[in-house]
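> For reference, the file structure07.cif (mmCIF, C-alpha atoms) is included below:
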data_upload
#
loop_
_atom_site.label_atom_id
_atom_site.label_comp_id
_atom_site.auth_asym_id
_atom_site.auth_seq_id
_atom_site.Cartn_x
_atom_site.Cartn_y
_atom_site.Cartn_z
CA MET A 27 -33.02 8.55 15.91
CA ASN A 28 -31.78 8.57 19.49
CA LYS A 29 -28.20 8.12 20.66
CA LEU A 30 -28.52 4.45 21.64
CA ARG A 31 -30.10 3.53 18.32
CA ALA A 32 -27.35 5.38 16.43
CA THR A 33 -24.75 3.51 18.49
CA LEU A 34 -26.37 0.20 17.67
CA VAL A 35 -26.44 0.99 13.94
CA ILE A 36 -22.76 2.02 13.93
CA VAL A 37 -21.71 -1.08 15.89
CA LEU A 38 -23.65 -3.33 13.50
CA VAL A 39 -22.09 -1.63 10.47
CA LEU A 40 -18.64 -2.11 11.99
CA ILE A 41 -19.30 -5.78 12.76
CA VAL A 42 -20.43 -6.40 9.18
CA PHE A 43 -17.41 -4.49 7.88
CA ILE A 44 -14.92 -6.43 10.06
CA ALA A 45 -16.53 -9.78 9.18
CA GLY A 46 -16.43 -8.83 5.49
CA ALA A 47 -12.76 -7.87 5.73
CA LYS A 48 -11.93 -11.20 7.38
CA LEU A 49 -13.91 -13.24 4.88
CA PHE A 50 -13.20 -11.65 1.54
CA LEU A 51 -10.09 -9.51 1.62
CA VAL A 52 -7.37 -11.44 3.44
CA PRO A 53 -5.29 -13.75 1.23
CA LYS A 54 -4.05 -16.86 3.02
CA LYS A 55 -2.57 -19.61 0.91
CA ASP A 56 0.52 -20.40 -1.10
CA GLY A 57 1.20 -23.70 -2.79
CA ILE A 58 4.47 -25.52 -3.38
CA ASN A 59 6.09 -25.23 -6.78
CA LEU A 60 7.91 -28.52 -7.26
CA GLN A 61 10.22 -27.33 -10.00
CA THR A 62 12.43 -25.04 -7.96
CA ALA A 63 16.11 -25.60 -7.25
CA ARG A 64 15.57 -24.14 -3.80
CA ALA A 65 13.67 -27.10 -2.42
CA LYS A 66 14.79 -30.11 -0.44
CA GLY A 67 13.25 -33.14 1.18
CA ASN A 68 10.62 -35.65 0.24
CA SER A 69 8.12 -34.10 -2.17
CA GLN A 70 5.49 -36.55 -0.85
CA ALA A 71 6.13 -35.55 2.78
CA ARG A 72 3.14 -34.84 5.02
CA VAL A 73 4.54 -31.45 6.03
CA LYS A 74 5.22 -29.09 3.14
CA ILE A 75 6.78 -25.74 3.97
CA VAL A 76 7.27 -22.68 1.78
CA GLU A 77 9.62 -20.23 3.45
CA TYR A 78 9.78 -16.56 2.44
CA ILE A 79 13.14 -15.32 3.61
CA ASP A 80 15.38 -12.29 3.88
CA PHE A 81 18.93 -13.58 4.28
CA GLN A 82 19.92 -10.63 6.48
CA CYS A 83 17.00 -10.94 8.89
CA PRO A 84 18.13 -12.37 12.29
CA ALA A 85 14.79 -14.12 12.90
CA CYS A 86 15.19 -15.81 9.49
CA ALA A 87 18.63 -17.10 10.55
CA TYR A 88 17.04 -18.52 13.69
CA GLY A 89 14.23 -20.10 11.62
CA VAL A 90 16.75 -21.61 9.20
CA LYS A 91 18.71 -23.10 12.10
CA PHE A 92 15.55 -24.52 13.65
CA LEU A 93 14.35 -26.03 10.37
CA LYS A 94 17.78 -27.46 9.58
CA THR A 95 17.91 -29.24 12.94
CA PHE A 96 14.39 -30.50 12.45
CA PHE A 97 15.04 -31.49 8.86
CA ASP A 98 18.12 -33.50 9.87
CA LYS A 99 15.93 -35.45 12.32
CA HIS A 100 13.00 -35.93 9.91
CA PRO A 101 14.42 -35.96 6.36
CA ASN A 102 11.43 -37.87 4.99
CA ASP A 103 8.68 -36.00 6.79
CA ILE A 104 9.35 -32.47 5.57
CA TYR A 105 9.50 -30.85 2.17
CA LEU A 106 10.96 -27.36 2.27
CA GLN A 107 11.07 -24.70 -0.39
CA VAL A 108 12.67 -21.27 -0.06
CA ARG A 109 11.43 -18.10 -1.73
CA TYR A 110 12.95 -14.64 -1.68
CA PHE A 111 11.54 -11.74 0.26
CA PRO A 112 14.43 -9.28 0.71
CA LEU A 113 13.55 -6.34 2.98
CA THR A 114 15.77 -4.00 0.98
CA LYS A 115 14.70 -0.80 2.71
CA MET A 116 15.62 -2.26 6.07
CA HIS A 117 18.62 -4.52 5.36
CA ARG A 118 21.31 -3.14 3.07
CA HIS A 119 22.66 -6.57 2.08
CA ALA A 120 19.27 -8.21 1.62
CA MET A 121 19.32 -8.01 -2.19
CA VAL A 122 22.97 -8.96 -2.71
CA SER A 123 22.64 -11.98 -0.41
CA ALA A 124 19.51 -13.07 -2.27
CA LEU A 125 21.35 -12.63 -5.59
CA TYR A 126 24.20 -14.87 -4.46
CA SER A 127 21.67 -17.45 -3.30
CA GLU A 128 19.76 -17.36 -6.58
CA CYS A 129 22.99 -17.68 -8.57
CA ALA A 130 24.06 -20.57 -6.34
CA ALA A 131 20.66 -22.20 -6.96
CA ARG A 132 21.27 -22.01 -10.70
CA GLN A 133 24.32 -24.20 -10.19
CA GLY A 134 22.43 -26.53 -7.87
CA LYS A 135 24.33 -25.20 -4.86
CA PHE A 136 21.66 -23.22 -3.05
CA TRP A 137 21.71 -25.31 0.11
CA ALA A 138 25.50 -25.54 0.19
CA LEU A 139 25.74 -21.73 0.17
CA ASP A 140 22.80 -21.34 2.55
CA ASP A 141 24.53 -23.59 5.08
CA LEU A 142 27.52 -21.23 5.03
CA MET A 143 25.73 -17.91 4.71
CA MET A 144 23.08 -18.12 7.42
CA PRO A 145 25.20 -19.22 10.40
CA GLN A 146 27.60 -16.33 9.66
CA GLN A 147 24.89 -13.74 9.12
CA SER A 148 25.79 -11.65 12.16
CA GLN A 149 29.33 -11.25 10.78
CA TRP A 150 28.64 -10.28 7.16
CA ALA A 151 25.60 -8.17 8.07
CA GLN A 152 27.94 -5.71 9.80
CA LEU A 153 30.22 -5.25 6.79
CA ILE A 154 30.07 -2.33 4.35
CA SER A 155 30.46 -4.82 1.50
CA PRO A 156 29.86 -8.51 2.19
CA GLU A 157 30.76 -9.58 -1.36
CA PRO A 158 34.33 -10.76 -0.63
CA ILE A 159 32.90 -13.05 2.09
CA PHE A 160 30.14 -14.27 -0.26
CA GLN A 161 32.71 -14.96 -2.98
CA SER A 162 34.79 -16.95 -0.54
CA MET A 163 31.71 -18.88 0.65
CA ALA A 164 30.75 -19.57 -2.95
CA LEU A 165 34.16 -21.10 -3.63
CA GLN A 166 33.85 -23.17 -0.46
CA ALA A 167 30.41 -24.36 -1.63
CA GLY A 168 31.88 -25.51 -4.95
CA ILE A 169 30.27 -22.81 -7.10
CA ASP A 170 31.93 -21.96 -10.40
CA PRO A 171 33.10 -18.33 -10.01
CA LYS A 172 32.84 -17.47 -13.71
CA GLN A 173 29.22 -18.59 -13.97
CA LEU A 174 28.48 -16.99 -10.62
CA ASN A 175 29.76 -13.57 -11.66
CA ALA A 176 27.92 -13.74 -14.98
CA CYS A 177 24.75 -14.56 -13.10
CA LEU A 178 25.29 -11.75 -10.56
CA ALA A 179 25.62 -9.26 -13.38
CA SER A 180 22.48 -10.48 -15.13
CA VAL A 181 19.11 -8.76 -14.83
CA ASP A 182 17.36 -12.11 -14.81
CA ALA A 183 18.41 -13.22 -11.30
CA ARG A 184 17.27 -9.91 -9.82
CA GLN A 185 14.00 -10.27 -11.72
CA VAL A 186 13.34 -13.70 -10.18
CA ILE A 187 13.90 -12.26 -6.70
CA ASN A 188 11.64 -9.25 -7.31
CA ASN A 189 8.93 -11.46 -8.81
CA GLU A 190 8.95 -13.75 -5.77
CA LYS A 191 8.79 -10.77 -3.46
CA SER A 192 5.81 -9.40 -5.42
CA LEU A 193 4.14 -12.80 -5.18
CA GLY A 194 4.72 -12.78 -1.43
CA GLN A 195 3.27 -9.28 -1.11
CA SER A 196 0.19 -10.37 -3.04
CA LEU A 197 -0.27 -13.10 -0.40
CA GLY A 198 -0.20 -10.51 2.38
CA ILE A 199 3.41 -10.99 3.46
CA ILE A 200 5.00 -7.90 4.99
CA SER A 201 7.69 -9.34 7.24
CA THR A 202 10.17 -12.18 7.42
CA PRO A 203 10.38 -15.05 7.96
CA THR A 204 6.93 -16.00 6.71
CA TYR A 205 6.09 -19.65 6.18
CA PHE A 206 3.24 -21.51 4.55
CA ILE A 207 3.02 -24.84 6.32
CA ASN A 208 0.65 -27.07 4.37
CA ASN A 209 -0.80 -23.84 2.97
CA LYS A 210 -1.33 -22.27 6.40
CA MET A 211 0.38 -18.91 6.85
CA VAL A 212 2.74 -18.72 9.83
CA VAL A 213 4.87 -15.65 10.56
CA GLY A 214 8.01 -15.66 12.70
CA ALA A 215 10.17 -18.33 14.27
CA LYS A 216 8.03 -18.72 17.39
CA SER A 217 4.87 -19.44 15.40
CA LEU A 218 6.91 -21.78 13.19
CA GLN A 219 7.93 -23.82 16.23
CA ASP A 220 4.34 -23.85 17.54
CA GLU A 221 2.93 -24.97 14.19
CA ILE A 222 5.59 -27.63 13.59
CA SER A 223 4.93 -29.02 17.07
CA THR A 224 1.32 -29.71 16.05
CA TYR A 225 2.64 -32.16 13.43
CA PHE A 226 5.35 -33.60 15.67
CA PRO A 227 3.81 -33.37 19.17
CA THR A 228 6.69 -34.98 21.02
CA GLY A 229 9.18 -32.52 19.52
CA LYS A 230 11.27 -35.38 18.25
CA MET B 5 -17.31 40.04 20.46
CA ARG B 6 -13.71 40.34 19.45
CA LEU B 7 -12.68 37.57 21.83
CA ALA B 8 -15.42 35.24 20.61
CA HIS B 9 -14.45 35.92 17.01
CA THR B 10 -10.77 35.10 17.45
CA SER B 11 -11.37 32.03 19.62
CA GLN B 12 -13.61 30.28 17.04
CA PRO B 13 -10.71 28.68 15.06
CA VAL B 14 -9.04 27.72 18.35
CA ASN B 15 -12.23 25.99 19.47
CA SER B 16 -12.49 24.15 16.15
CA MET B 17 -8.90 23.05 16.56
CA TRP B 18 -9.92 20.75 19.44
CA CYS B 19 -12.38 19.04 17.14
CA VAL B 20 -9.66 18.64 14.49
CA LEU B 21 -7.34 17.16 17.12
CA ARG B 22 -10.10 14.75 18.19
CA ILE B 23 -10.47 13.59 14.57
CA PHE B 24 -6.67 13.28 14.35
CA ILE B 25 -6.56 10.96 17.37
CA GLY B 26 -9.48 8.93 16.01
CA SER B 27 -7.81 8.68 12.58
CA ILE B 28 -4.67 7.17 14.11
CA PHE B 29 -6.73 4.26 15.43
CA LEU B 30 -8.92 4.02 12.34
CA ILE B 31 -5.93 3.78 9.97
CA SER B 32 -4.01 1.46 12.28
CA GLY B 33 -7.02 -0.83 12.78
CA LEU B 34 -7.84 -0.94 9.06
CA GLY B 35 -4.22 -1.70 8.15
CA LYS B 36 -4.20 -4.69 10.48
CA LEU B 37 -7.66 -5.93 9.50
CA PHE B 38 -6.78 -5.96 5.81
CA SER B 39 -3.57 -7.89 6.46
CA PRO B 40 -3.38 -11.54 7.59
CA TYR B 41 -3.62 -11.58 11.39
CA GLN B 42 -0.37 -13.56 11.58
CA ASN B 43 1.56 -10.40 10.64
CA PHE B 44 0.29 -8.57 13.71
CA LEU B 45 0.77 -11.68 15.84
CA TYR B 46 4.46 -11.59 14.85
CA VAL B 47 4.71 -7.95 15.92
CA ILE B 48 3.16 -8.79 19.32
CA GLN B 49 5.50 -11.77 19.73
CA SER B 50 8.50 -9.51 19.08
CA TYR B 51 7.69 -7.58 22.28
CA GLN B 52 7.97 -10.81 24.32
CA ILE B 53 5.56 -9.62 27.00
CA PHE B 54 2.44 -11.80 26.72
CA PRO B 55 1.93 -15.57 27.07
CA SER B 56 1.19 -17.38 23.79
CA TRP B 57 -2.59 -17.56 24.28
CA ALA B 58 -2.75 -13.81 25.02
CA GLU B 59 -0.63 -13.04 21.95
CA ALA B 60 -3.04 -14.91 19.70
CA LEU B 61 -6.10 -13.34 21.34
CA THR B 62 -4.63 -9.83 21.11
CA ALA B 63 -3.73 -10.33 17.45
CA ARG B 64 -7.32 -11.36 16.69
CA VAL B 65 -9.17 -8.77 18.79
CA PHE B 66 -6.99 -5.67 18.99
CA PRO B 67 -7.44 -4.41 15.38
CA SER B 68 -11.24 -4.44 15.82
CA ILE B 69 -10.92 -2.49 19.09
CA GLU B 70 -8.71 0.07 17.36
CA LEU B 71 -11.23 0.42 14.53
CA ILE B 72 -14.18 0.84 16.92
CA VAL B 73 -12.36 3.39 19.10
CA GLY B 74 -11.25 5.28 15.98
CA VAL B 75 -14.74 5.44 14.45
CA PHE B 76 -16.41 6.52 17.71
CA VAL B 77 -13.81 9.22 18.41
CA ILE B 78 -14.00 10.59 14.86
CA LEU B 79 -17.80 10.65 14.85
CA GLY B 80 -17.87 12.01 18.37
CA LEU B 81 -20.29 9.41 19.67
CA TRP B 82 -19.70 8.55 23.33
CA THR B 83 -16.67 10.79 22.86
CA ASP B 84 -15.58 10.74 26.50
CA TRP B 85 -15.52 6.92 26.59
CA GLY B 86 -13.84 6.80 23.18
CA LEU B 87 -11.11 9.17 24.32
CA LYS B 88 -10.64 7.26 27.57
CA GLY B 89 -10.28 4.08 25.47
CA ALA B 90 -7.77 5.87 23.21
CA GLY B 91 -5.82 6.98 26.29
CA ILE B 92 -5.71 3.41 27.62
CA LEU B 93 -4.50 2.12 24.24
CA PHE B 94 -1.76 4.76 23.99
CA GLY B 95 -0.79 3.91 27.58
CA ILE B 96 -0.51 0.22 26.63
CA PHE B 97 1.65 1.11 23.60
CA VAL B 98 3.99 3.18 25.78
CA ILE B 99 4.35 0.38 28.36
CA VAL B 100 4.85 -2.37 25.76
CA VAL B 101 7.41 -0.46 23.67
CA GLY B 102 9.07 0.91 26.83
CA GLN B 103 9.64 -2.51 28.36
CA ALA B 104 11.08 -3.74 25.04
CA LEU B 105 13.50 -0.81 24.99
CA LEU B 106 14.53 -1.39 28.60
CA ARG B 107 15.15 -5.07 27.89
CA GLY B 108 17.11 -4.23 24.73
CA LEU B 109 14.94 -6.35 22.44
CA PRO B 110 16.05 -6.14 18.79
CA LEU B 111 12.87 -4.56 17.41
CA GLU B 112 14.51 -2.57 14.61
CA SER B 113 16.47 -5.31 12.92
CA CYS B 114 14.18 -8.30 13.54
CA GLY B 115 12.18 -7.83 10.35
CA CYS B 116 8.97 -8.21 12.36
CA PHE B 117 7.47 -4.95 11.13
CA GLY B 118 8.38 -5.38 7.48
CA GLU B 119 9.49 -2.40 5.46
CA TRP B 120 6.53 -0.14 5.91
CA ILE B 121 7.51 1.08 9.36
CA HIS B 122 10.80 2.92 9.54
CA LEU B 123 10.27 4.52 12.93
CA LYS B 124 12.73 3.65 15.65
CA PRO B 125 11.18 2.34 18.89
CA GLN B 126 12.49 5.48 20.64
CA THR B 127 10.54 7.61 18.14
CA VAL B 128 7.46 5.42 18.55
CA ILE B 129 7.47 5.81 22.32
CA ILE B 130 7.83 9.61 22.04
CA LEU B 131 4.96 9.83 19.52
CA ASP B 132 2.72 7.57 21.62
CA SER B 133 3.50 9.61 24.74
CA LEU B 134 2.64 12.84 22.91
CA ASN B 135 -0.62 11.30 21.65
CA LEU B 136 -1.40 10.12 25.19
CA LEU B 137 -0.81 13.66 26.45
CA LEU B 138 -2.99 15.09 23.68
CA THR B 139 -5.78 12.65 24.58
CA PHE B 140 -5.65 13.84 28.21
CA VAL B 141 -5.82 17.45 27.04
CA LEU B 142 -8.82 16.64 24.81
CA LEU B 143 -10.58 15.11 27.81
CA ARG B 144 -9.76 18.21 29.88
CA LYS B 145 -11.12 20.48 27.13
CA PHE B 146 -14.11 18.24 26.59
CA PHE B 147 -16.56 21.09 26.01
CA TYR B 148 -14.61 22.10 22.87
CA THR B 149 -13.62 18.57 21.88
CA LYS B 150 -17.30 17.71 21.61
CA LYS B 151 -17.96 20.34 18.96
CA PHE B 152 -19.10 19.00 15.57
CA SER B 153 -19.80 15.62 17.11
CA LEU B 154 -22.80 13.29 17.19
CA ASP B 155 -22.80 13.75 20.98
CA SER B 156 -23.44 17.47 20.63
CA TYR B 157 -26.14 16.75 18.01
CA PHE B 158 -27.93 14.30 20.33
CA ASP B 159 -27.53 16.70 23.27
CA LYS B 160 -29.52 19.29 21.30
CA VAL B 161 -32.23 16.85 20.14
#
Show me this structure written as structure tokens.

Amino acid sequence: MNKLRATLVIVLVLIVFIAGAKLFLVPKKDGINLQTARAKGNSQARVKIVEYIDFQCPACAYGVKFLKTFFDKHPNDIYLQVRYFPLTKMHRHAMVSALYSECAARQGKFWALDDLMMPQQSQWAQLISPEPIFQSMALQAGIDPKQLNACLASVDARQVINNEKSLGQSLGIISTPTYFINNKMVVGAKSLQDEISTYFPTGK
Amino acid sequence: MRLAHTSQPVNSMWCVLRIFIGSIFLISGLGKLFSPYQNFLYVIQSYQIFPSWAEALTARVFPSIELIVGVFVILGLWTDWGLKGAGILFGIFVIVVGQALLRGLPLESCGCFGEWIHLKPQTVIILDSLNLLLTFVLLRKFFYTKKFSLDSYFDKV
């Protein structure tokens, strides 16, 4: 075998390998689970979004703000569901913020807490312990403190968060925010804006 | 005789370093190929250097280029071209990370890289610069770098 023929064989093997990797090994889709307390909007909407989020991630805060503005304009056109993907090795308050959110969700107050927590992310993210702020936000959101504290101490809430993160990892998620917009995977706020604009071309 | 005897491991070291450089690209390319391309697109977007169309194209094509460069450098086939390609890629990494550092982009906290990379951008740029330097040295010592390679096999045939 000469050098050119060997090159050709190796290139062909690599092409087959890359095509195989693209076709068979990359997971892509995630469907909406309609039973969650962390969903809002019209369940029959033409745009269904699953959002994997780390509450301490700045890009997630930006994505939340963008979606909230968009949602306020198009309440009937979007169905949004949030799932947990705390980057605990990177953000020290990722798990505790997710726990508060999950416990708020169990009292039907997920969005009320989310509306307080995300805009103030840059403040509580700097704290050694953000729990006093979260407790105060919880009260403001109308969450029962007794139930909240019982939930925070339970293993179950943490289990839900870890299970959702494992589900996300099985779908190929490694970073946040990651969205599935009508089952299409979109990562980051910029791609979110680009993808949403394909459904609402005028940006209105 | 004595000199030749002691220099043998040193000569082999260049081959090991060649495989090391190739492995960096092989592992990096495989990691990206086996992950949804959107993850790498997000990383590229975080550097805020390319227009949107170039970001998407880079996210699609770059992992395959890394894999091809890695395989060719490890096997030692068209080694000089492979190493030149590796040098260009390391150069691109240094420029892209460097401009992000100069502009103060929040690469560490953005969540773009997920949890599996804990290196600070400053560390990344130092490592990439060292790898770039090593690639230049491998090209300078090409006679030794080529040892145990397909190139040297085909040269003999």
> So how far away is atom CA of B:Gln126 from atom CA of B:Ile69, in Å?
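We find that atom CA of B:Ile69 and atom CA of B:Gln126 lie 24.8 Å from each other.
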> Do you know which residues are at most 8 Å from A:Lys135 counting all atoms listed in the file, after dropping those on the same chain fewer than 4 positions away, and could you put them as a PyMOL selection string?
chain A and resi 130-131+139+167-169
> Report as a ChimeraX atom specification the full result of the PyMOL selection byres ((chain A) within 6 of (chain B)) when it is applied to this structure.
/A:52,83-85,198,200-202,213-214
> Once the PyMOL selection byres ((chain B and resi 18) around 8) has been applied to the shown file, what residues remain in the selection, as a list in words?
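Taken over the shown coordinates, the PyMOL selection byres ((chain B and resi 18) around 8) returns Val14, Asn15, Ser16, Met17, Cys19, Val20, Leu21, Arg22, Leu142, Lys145, Tyr148 and Thr149 of chain B.
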> Taking 6 positions as the minimum chain separation for residues in the same chain, which residues sit within 10 Å of B:Gly89 when counting only C-alpha atoms? Answer as a list in words.
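Once the nearby chain positions are removed, what remains is Ile69, Glu70, Ile72, Val73, Gly74, Val77, Thr83, Gly95 and Thr139 of chain B.
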> I'd like to see the residues matched by the PyMOL selection byres ((chain A and resi 145-161) around 9) on this file, and ideally I'd get them as a list of chain:residue names.
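Selected by the PyMOL selection byres ((chain A and resi 145-161) around 9) here: A:Phe81, A:Gln82, A:Cys83, A:Pro84, A:Ala87, A:Tyr88, A:Val90, A:Lys91, A:His117, A:Arg118, A:His119, A:Val122, A:Ser123, A:Tyr126, A:Leu139, A:Asp140, A:Asp141, A:Leu142, A:Met143, A:Met144, A:Ser162, A:Met163, A:Ala164, A:Leu165, A:Gln166, A:Pro171, A:Leu174.
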> Find the distance between atom CA of A:Thr33 and atom CA of B:Ile23 and write it in Å to one decimal.
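Distance reported for this atom pair: 17.9 Å.
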